[in-house]
Each structure stands twice: as structure tokens, then as C-alpha cells.
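Below you'll find the structure, written out as C-alpha cells, and then a few comments.
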Amino acid sequence: MNRIIPALAAISLAVPAPVLANTPPPLPTLEQVADQALAGDERAWDFVSGITTEVGPRQAGTEAEARGRAWAAAWLKANGFRNVAIEPFMMDTWVPGDIARARVTGPFAQDLEVLPLGNSAATPAGGIEAEVVFFRTVDDLRAAPDGSLKGKIAYVSHQMRPAQDGSHYGFAGPARWVGPGIAASKGASGIVIKSIGTDHHRNPHTGGTSFPAGVAAIPAGALSLPDAENLERMFARAQGRPVTLKLEMNPRQIGQTESGNVVGEIAGRNPVLPPVLLACHIDSWWNAPGAFDDGAGCAIIAAAAMNVAKSGAPLRTIRVLMAGAEETGLWGSKAYSAAHIGEPIAVGLESDFGADRIWRFDSNFRESNPALHKRIASAVARFGVSAGSDVATGGADLNIVRDQKGALIDLQQDGTRYFDLHHTPDDTLDKIDIVQLRQNVAVWTQVVGILAGESTSILTGGPVPSAPAIMQDR
Ligand SMILES: [Zn+2]
């Protein structure tokens, strides 16, 4: 650039002005717009700083999420997206209430930091007080005899480690996902778990849980990691005395309320070709401003779609899906699939793992369309992204693509610090590193640009059945 600009300046002095005015400047190539995104994209930052500042936490099914939808739709319109719409759906809505207290009452009386898990029942007013039964793992809880927890509060520990690929979420997550249901089925009157997280702040990590059909919900909370470790030390020092806990929380189910998906498009030159679908989610937990989860994801996909258009209208339409109510059970993903299942999607990609650097590219067409897989891999190598051999499964909001058995890509982000922030008040804008955010936008721009320019099937490399051959290379 530094050598080109003086050269252009010299030409403009030598050539008469009217000639230049009639010659539109050539559009930058896809590679150039991706490189420009790496150097200085501002659109993604504008989105994530805007939604966290002007909306903040956006619990699914609530008025706050509705403000988030309206904000996102207005942003898409203001930034040139076409066919921007909010597609409403109804969902079962749980709200956290305003009381969340845990206090060890013996033998070492003191308060612990606790928050309810999504779908937790309330305690009776004034709380419950019971002996705590300590389980190191979910399997230990599973092995407890039926009825053995009657009148007790279960506590489940586990050791979640930070990992670049976030894989320990699959290891530790069941304590939250199924631990409360197992404890309830064995008669427990409540459960607290060590937060599913990797930080050591006194912020509990909330998140969804569920109870099996026929098992009544019980009060279920997460302790902050330092408080959970303190509770475990109490067991070691209790010398056989019971450890007792008083737990009081007032979350509740409020029945069906409205949520919605926000959609918008960059129009393609061939409307007959199935679109490229880019997904993220709008909602966050009530306690989390949702910068990493998932304001950043919506910011990345929207900025990438806009960047692709800078190199000219893409062949295929690029559609963004900013889903509602992901956190509380993929309500938006299911509603989108139900409403649009008859409209083929060319390929789906989701950004929902923070804003740190993308380090690996995976697809589910490495064997069925190896030429395209290789072309994408070599195009993103300059951003430090390796070619993976895992089969991409797509993000949570891509149910429609899975339901259609379509093409999927996973652009794997560095998740080393993701679970320090996940579902906590620490999920704030200052945690986003703009240099890494821009790397995300650059990689997405490059990948989406390639996909949106493909005239043949992403999954197979063959002709697209829905598109007449004459249209394909228009
Ligand atoms: Zn998320």
C-alpha cells in the first residue's frame, strides 16, 4: 500500500480529471478485504460494544432480550443488510428471581456465593436447611442408592481445566446439565455444584440444567469456585461432624413468553442458489452482559458478511441468523428450522465461542468435496489457521443445517480463557482483545467469501439440484 499510494497520486497529477471521474475504481479482491479486516476492522467492535453498552444482559424470553433483538435489527438495517426481520416464536421462560443465598450453618458457619441454575426450582420462603452430601463426580452421584439423598442437599465437585479447544466443558459440564436431575431422582431436597468454570473469582457461573420427565425440579445452584473449594475443605476438617447448608433462592417459571430470531441478508447475484447461513445468538444469561457469549459472535458474522460485499455482490446470498433463546434450550434454533426447513441452506457456520483467535478450520466435506476443503484451508493459512481433520458438527443455532444434513464448517476459536468468563458478570467488553477480534473477522471474511462464490454444491462439489444450470455461473 505504501508504494501504491504515491504512484496513484503521481498519476492523478498527470491525467486530466474527467477521465478519472468516468473510471470507477476497481473493487478490492476478497483477499484484500480480508487483509483489511485484519488490519483495522471497526464494524465488529461497533456491534459488540454497542449491544453490551446499549442493551447489556439479555435473558431469553424477557423484555431485555426483546430490546436486544430490536437493537440488532436496527444495526443490521443501518449497515445495509436487506430483508432484515424479527421472526417471533413462543418459549417456556424461567426467570432467576432476586434472592440467591447459601450459608454454611455448621460446623464452620459462613456465607457462600451462589446463583440459581436455569430451570432451578425455588426453595420455600426462608430457605431450606439440610446436611450436605459430598460427591466428587457425577458418576459418584449416579452410584448413590435410590432414596439415599432424602432430605439432604447434594454437592458435586469436579476439576475443570482450561483448554484451547474447550474440551473440558464436555468433561465437567454434566455436573450442571444432569447432576440436578440425578439428585432430584434420588430424593435430594436441593443441590449445589462447583461452577462449571476455570476462573477463581467469586462469581458463580450459571447455565441451564434440566430435570427428566416425571422428576420434579429441585432448587439447584452453582457456587463460585473459591466458595466450592472452601466447602470441600470444610468436609476435610469436619472430623465426621455433618456439614449443613441453608439455601434460599426464588427463581420461577413464568410460562410462555415471546422470543425471536433476527435475520438479515447480503443479497447474492443468483437468488436461486441456496444461501450461506451465518449464525450466532442474541441472548445471554441475566447476570452476564454477553460480550464473549455471544455478542462477539454476532459481531464477527455481521462484519464478515459486510466485508464480502466490499469485493462485489457475492454469487450466493449470505444470510445472518442471530438466534434468540439459545442458552435456555436452543428455542431459536428449533424455531428457525421448523419455519425454514423447506428452504435449502448451502452451508452453515456459527460463531459462539468468544472473540479469541481462530486456530483451526474443520468441515464436514473434507472427504466429499476435498478440493473446496483444501482451497479454504490454504486461503486461511496466512491468518495462522490450521486445517483440521475433525468432522465439523456446527454450532447450536444451526439445527436447520443438521436437519437438512447439509454442509457445516467450524472455525475453532482459542477457548483457553472462555470458561473464565462464561455465564458470569465478568463477560464484559473489556475482555475482548480487538486484535484477536479482527483476526476472527478476517478469517470469516475469507471463508464466507469463498463459500458465497461457489456455484456448485458445497457438500459434494456437484451441481446444485435447485439451481438451473444456466443460472449457476451467471
Ligand atoms: Zn453462547
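The chains in the C-alpha cells are called A, B, ... from first to last as shown; in each chain the residues are counted from 1, and the ligands are counted from 1 in the order shown.
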Find the spatial neighbours of Arg269 (chain A), counting only C-alpha atoms, within a cut-off of 9 Å - ignore same-chain residues fewer than 6 positions away - and output them as an mmCIF file with C-alpha atoms, in the first residue's frame.
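The result, stored in part-v7.cif:
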data_model
loop_
_atom_site.group_PDB
_atom_site.id
_atom_site.type_symbol
_atom_site.label_atom_id
_atom_site.label_comp_id
_atom_site.auth_asym_id
_atom_site.auth_seq_id
_atom_site.Cartn_x
_atom_site.Cartn_y
_atom_site.Cartn_z
ATOM 1 C CA ALA A 313 -22.066 -8.690 -4.689
ATOM 2 C CA PRO A 314 -21.500 -12.381 -3.886
ATOM 3 C CA LEU A 315 -22.895 -15.115 -6.156
ATOM 4 C CA ARG A 316 -24.916 -16.629 -3.306
ATOM 5 C CA THR A 317 -26.946 -14.727 -0.738
ATOM 6 C CA ARG A 474 -24.095 -16.055 -14.043
#
Notebook entry, point to check: Could you name the residues that touch region 25-41 of chain A at 6 Å or less, counting only C-alpha atoms, but leaving out those on the same chain fewer than 6 positions away, as a ChimeraX atom specification?
Noted result: /A:311,438-439,442,445-446
Atoms kept (N, CA and C atoms) for selection, written as a compact mmCIF listing (two decimals), in the first residue's frame:
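Listing of result.txt after writing:
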# COMPACT_ATOMS: atom_id res chain seq x y z
N SER A 311 -16.09 -6.65 -1.90
CA SER A 311 -15.40 -7.09 -3.12
C SER A 311 -16.40 -7.38 -4.24
N ARG A 438 -10.32 -8.90 15.30
CA ARG A 438 -10.10 -8.62 13.88
C ARG A 438 -9.60 -9.85 13.13
N GLN A 439 -8.80 -10.68 13.80
CA GLN A 439 -8.36 -11.92 13.14
C GLN A 439 -9.56 -12.80 12.84
N ALA A 442 -11.32 -11.37 9.83
CA ALA A 442 -10.55 -11.62 8.61
C ALA A 442 -10.75 -13.06 8.12
N THR A 445 -14.30 -13.49 6.86
CA THR A 445 -14.47 -12.81 5.57
C THR A 445 -13.94 -13.70 4.45
N GLN A 446 -12.74 -14.24 4.65
CA GLN A 446 -12.12 -15.07 3.63
C GLN A 446 -12.97 -16.32 3.35
Next item on the list: For each of A:Ala78, A:Ile409, A:Val263, A:Ile376, take the minimum atom-to-atom distance to Ala392 (chain A), counting only C-alpha atoms, then give the residue where this is smallest.
Entry: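 Among the listed residues, the smallest separation from Ala392 (chain A) belongs to A:Ile409.
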Next item on the list: Extract the full set of strand (DSSP E or B) residues from region 177-396 of chain A according to DSSP on the backbone, and format it as JSON, numbers by chain.
Entry: {"A": [190, 191, 192, 193, 194, 208, 220, 221, 222, 223, 244, 245, 246, 247, 248, 249, 252, 253, 254, 255, 256, 257, 258, 259, 260, 261, 262, 263, 264, 265, 266, 276, 277, 278, 279, 280, 281, 318, 319, 320, 321, 322, 323, 347, 348, 349, 350, 358, 359, 360, 361, 362, 363, 386, 387, 388, 389, 390, 391]}
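Residues of protein or nucleic acid lying within 10 Å of ligand 1, counting only C-alpha atoms and all ligand atoms, are A:Cys280, A:His281, A:Ile282, A:Asp283, A:Ser284, A:Trp285, A:Gly290, A:Ala291, A:Phe292, A:Asp293, A:Asp294, A:Gly295, A:Ala296, A:Gly297, A:Ala325, A:Glu326, A:Glu327, A:Ser351, A:Asp352, A:Phe353, A:Gly354, A:Gly395, A:Ala396, A:Asp397, A:His422, A:His423.
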Margin query: I want to know what sits within 6 Å of region 181-194 of chain A, based on only C-alpha atoms, with residues of the same chain fewer than 4 positions away left out; could you give that as a PyMOL selection string?
Written below: chain A and resi 146-147+149-157+211+218-223+225+228
Next item on the list: Tell me which of A:Arg357, A:Lys374, A:Lys405, A:Arg382 sits closest to Ile432 (chain A), counting only C-alpha atoms.
Entry: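 Residue with the minimum atom-to-atom distance to Ile432 (chain A): A:Arg357.
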Next item on the list: Please provide the set of residues having any atom within 12 Å of Ala338 (chain A), restricted to only C-alpha atoms, with same-chain residues fewer than 5 positions apart removed, written as a list in words.
Entry: Glu87, Phe89, Trp331, Gly332, Ser333, Glu343, Leu398, Asn399, Ile400, Val401, Asp403 and Gln404 of chain A
Next item on the list: Go through A:Leu112, A:Val272, A:Val55, A:Met90 and flag the residue nearest Val464 (chain A), using only C-alpha atoms for the distances.
Entry: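 Selected residue with least distance to Val464 (chain A): A:Val272.
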Checklist line | Polymer residues at most 12 Å from region 229-241 of chain A, only C-alpha atoms, same-chain spacing of 2 or more positions, as a ChimeraX atom specification | finding: /A:102-113,131-136,155-159,192-195,200-202,223-227,243-245
Notebook entry, point to check: What is the distance between CA of Tyr169 (chain A) and CA of Gly197 (chain A), in Å to one decimal?
Noted result: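 Value for the CA of Tyr169 (chain A)-CA of Gly197 (chain A) distance: 8.4 Å.
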Margin query: Which residues are close to Ala217 (chain A), i.e. within 9 Å by only C-alpha atoms, leaving aside same-chain residues fewer than 5 positions away? Reply as a PyMOL selection string.
Written below: chain A and resi 119-122+180-181+184+210-212
Could the residues in this selection be saved with C-alpha atoms as a CSV table (one decimal), in the first residue's frame?
chain,number,residue,atom,x,y,z
A,119,ASN,CA,-34.8,-24.3,35.4
A,120,SER,CA,-34.0,-24.5,39.1
A,121,ALA,CA,-37.0,-24.6,41.4
A,122,ALA,CA,-37.4,-22.1,44.3
A,180,PRO,CA,-29.6,-31.7,39.5
A,181,GLY,CA,-31.9,-34.2,37.7
A,184,ALA,CA,-33.7,-34.9,42.4
A,210,SER,CA,-33.0,-29.9,33.1
A,211,PHE,CA,-34.9,-32.4,35.0
A,212,PRO,CA,-36.1,-35.7,33.5
What's the 7 Å shell around Phe81 (chain A), counting only C-alpha atoms, without same-chain residues fewer than 2 positions away, as a PDB file with C-alpha atoms, in the first residue's frame?
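The result, stored in out.pdb:
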ATOM      1  CA  LEU A  76     -28.288  -4.606  10.510  1.00  0.00           C
ATOM      2  CA  LYS A  77     -30.578  -2.159   8.666  1.00  0.00           C
ATOM      3  CA  ASN A  79     -25.365  -1.249   7.948  1.00  0.00           C
ATOM      4  CA  ASN A  83     -34.664  -8.338   4.313  1.00  0.00           C
ATOM      5  CA  VAL A  84     -33.972  -7.593   7.976  1.00  0.00           C
ATOM      6  CA  GLY A 264     -30.827 -10.192   7.561  1.00  0.00           C
ATOM      7  CA  GLU A 265     -29.165 -10.721   4.190  1.00  0.00           C
ATOM      8  CA  ILE A 266     -26.464  -9.573   1.848  1.00  0.00           C
TER       9      ILE A 266
END
Next item on the list: State, in Å with one decimal place, the distance from CA of Ala70 (chain A) to CA of Ala302 (chain A).
Entry: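 Those two atoms sit 15.4 Å apart.
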Notebook entry, point to check: Could you pull out the alpha helix (DSSP H) residues of region 250-361 of chain A from DSSP and send them as a list in words?
Noted result: Ala296, Gly297, Cys298, Ala299, Ile300, Ile301, Ala302, Ala303, Ala304, Ala305, Met306, Asn307, Val308, Ala309, Lys310, Trp331, Gly332, Ser333, Lys334, Ala335, Tyr336, Ser337, Ala338, Ala339 and His340 of chain A
Include N, CA and C atoms and write out the residues we just selected as a PDB file, in the first residue's frame.
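Written output follows (part_10.pdb):
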ATOM      1  N   ALA A 296     -19.938 -11.093  20.655  1.00  0.00           N
ATOM      2  CA  ALA A 296     -18.798 -11.142  19.737  1.00  0.00           C
ATOM      3  C   ALA A 296     -19.111 -11.985  18.508  1.00  0.00           C
ATOM      4  N   GLY A 297     -19.817 -13.090  18.719  1.00  0.00           N
ATOM      5  CA  GLY A 297     -20.130 -13.959  17.583  1.00  0.00           C
ATOM      6  C   GLY A 297     -21.013 -13.243  16.571  1.00  0.00           C
ATOM      7  N   CYS A 298     -22.042 -12.543  17.075  1.00  0.00           N
ATOM      8  CA  CYS A 298     -22.918 -11.797  16.158  1.00  0.00           C
ATOM      9  C   CYS A 298     -22.129 -10.700  15.450  1.00  0.00           C
ATOM     10  N   ALA A 299     -21.212 -10.079  16.190  1.00  0.00           N
ATOM     11  CA  ALA A 299     -20.379  -9.018  15.611  1.00  0.00           C
ATOM     12  C   ALA A 299     -19.507  -9.574  14.482  1.00  0.00           C
ATOM     13  N   ILE A 300     -18.916 -10.735  14.713  1.00  0.00           N
ATOM     14  CA  ILE A 300     -17.984 -11.332  13.740  1.00  0.00           C
ATOM     15  C   ILE A 300     -18.725 -11.719  12.452  1.00  0.00           C
ATOM     16  N   ILE A 301     -19.884 -12.379  12.602  1.00  0.00           N
ATOM     17  CA  ILE A 301     -20.567 -12.842  11.383  1.00  0.00           C
ATOM     18  C   ILE A 301     -21.102 -11.667  10.570  1.00  0.00           C
ATOM     19  N   ALA A 302     -21.618 -10.641  11.267  1.00  0.00           N
ATOM     20  CA  ALA A 302     -22.183  -9.495  10.540  1.00  0.00           C
ATOM     21  C   ALA A 302     -21.082  -8.723   9.822  1.00  0.00           C
ATOM     22  N   ALA A 303     -19.963  -8.510  10.518  1.00  0.00           N
ATOM     23  CA  ALA A 303     -18.853  -7.775   9.896  1.00  0.00           C
ATOM     24  C   ALA A 303     -18.306  -8.546   8.691  1.00  0.00           C
ATOM     25  N   ALA A 304     -18.211  -9.869   8.818  1.00  0.00           N
ATOM     26  CA  ALA A 304     -17.683 -10.673   7.708  1.00  0.00           C
ATOM     27  C   ALA A 304     -18.601 -10.589   6.491  1.00  0.00           C
ATOM     28  N   ALA A 305     -19.920 -10.686   6.728  1.00  0.00           N
ATOM     29  CA  ALA A 305     -20.861 -10.604   5.599  1.00  0.00           C
ATOM     30  C   ALA A 305     -20.726  -9.265   4.880  1.00  0.00           C
ATOM     31  N   MET A 306     -20.587  -8.193   5.658  1.00  0.00           N
ATOM     32  CA  MET A 306     -20.431  -6.863   5.051  1.00  0.00           C
ATOM     33  C   MET A 306     -19.122  -6.765   4.270  1.00  0.00           C
ATOM     34  N   ASN A 307     -18.071  -7.354   4.812  1.00  0.00           N
ATOM     35  CA  ASN A 307     -16.768  -7.292   4.141  1.00  0.00           C
ATOM     36  C   ASN A 307     -16.793  -8.009   2.801  1.00  0.00           C
ATOM     37  N   VAL A 308     -17.463  -9.170   2.757  1.00  0.00           N
ATOM     38  CA  VAL A 308     -17.520  -9.910   1.495  1.00  0.00           C
ATOM     39  C   VAL A 308     -18.122  -9.023   0.403  1.00  0.00           C
ATOM     40  N   ALA A 309     -19.155  -8.261   0.775  1.00  0.00           N
ATOM     41  CA  ALA A 309     -19.822  -7.408  -0.216  1.00  0.00           C
ATOM     42  C   ALA A 309     -18.920  -6.287  -0.730  1.00  0.00           C
ATOM     43  N   LYS A 310     -17.880  -5.947   0.026  1.00  0.00           N
ATOM     44  CA  LYS A 310     -16.961  -4.898  -0.432  1.00  0.00           C
ATOM     45  C   LYS A 310     -16.201  -5.325  -1.682  1.00  0.00           C
ATOM     46  N   TRP A 331     -34.180 -22.686  21.723  1.00  0.00           N
ATOM     47  CA  TRP A 331     -35.536 -22.408  21.226  1.00  0.00           C
ATOM     48  C   TRP A 331     -35.492 -21.744  19.852  1.00  0.00           C
ATOM     49  N   GLY A 332     -34.579 -20.801  19.672  1.00  0.00           N
ATOM     50  CA  GLY A 332     -34.498 -20.083  18.398  1.00  0.00           C
ATOM     51  C   GLY A 332     -34.024 -20.986  17.272  1.00  0.00           C
ATOM     52  N   SER A 333     -33.060 -21.833  17.573  1.00  0.00           N
ATOM     53  CA  SER A 333     -32.535 -22.759  16.565  1.00  0.00           C
ATOM     54  C   SER A 333     -33.636 -23.704  16.080  1.00  0.00           C
ATOM     55  N   LYS A 334     -34.414 -24.217  17.033  1.00  0.00           N
ATOM     56  CA  LYS A 334     -35.502 -25.134  16.671  1.00  0.00           C
ATOM     57  C   LYS A 334     -36.595 -24.402  15.891  1.00  0.00           C
ATOM     58  N   ALA A 335     -36.923 -23.182  16.332  1.00  0.00           N
ATOM     59  CA  ALA A 335     -37.981 -22.419  15.651  1.00  0.00           C
ATOM     60  C   ALA A 335     -37.561 -22.065  14.228  1.00  0.00           C
ATOM     61  N   TYR A 336     -36.276 -21.729  14.043  1.00  0.00           N
ATOM     62  CA  TYR A 336     -35.812 -21.374  12.704  1.00  0.00           C
ATOM     63  C   TYR A 336     -35.882 -22.580  11.774  1.00  0.00           C
ATOM     64  N   SER A 337     -35.469 -23.731  12.297  1.00  0.00           N
ATOM     65  CA  SER A 337     -35.520 -24.934  11.466  1.00  0.00           C
ATOM     66  C   SER A 337     -36.966 -25.284  11.110  1.00  0.00           C
ATOM     67  N   ALA A 338     -37.854 -25.195  12.103  1.00  0.00           N
ATOM     68  CA  ALA A 338     -39.256 -25.534  11.831  1.00  0.00           C
ATOM     69  C   ALA A 338     -39.855 -24.606  10.767  1.00  0.00           C
ATOM     70  N   ALA A 339     -39.487 -23.334  10.811  1.00  0.00           N
ATOM     71  CA  ALA A 339     -40.087 -22.361   9.895  1.00  0.00           C
ATOM     72  C   ALA A 339     -39.481 -22.423   8.491  1.00  0.00           C
ATOM     73  N   HIS A 340     -38.217 -22.862   8.385  1.00  0.00           N
ATOM     74  CA  HIS A 340     -37.497 -22.739   7.103  1.00  0.00           C
ATOM     75  C   HIS A 340     -36.960 -24.056   6.569  1.00  0.00           C
TER      76      HIS A 340
END
Next item on the list: Using CA of Arg176 (chain A) and CA of Thr206 (chain A) as the two end points, give the distance in Å to one decimal.
Entry: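 Rounded to one decimal, the two atoms are 8.9 Å apart.
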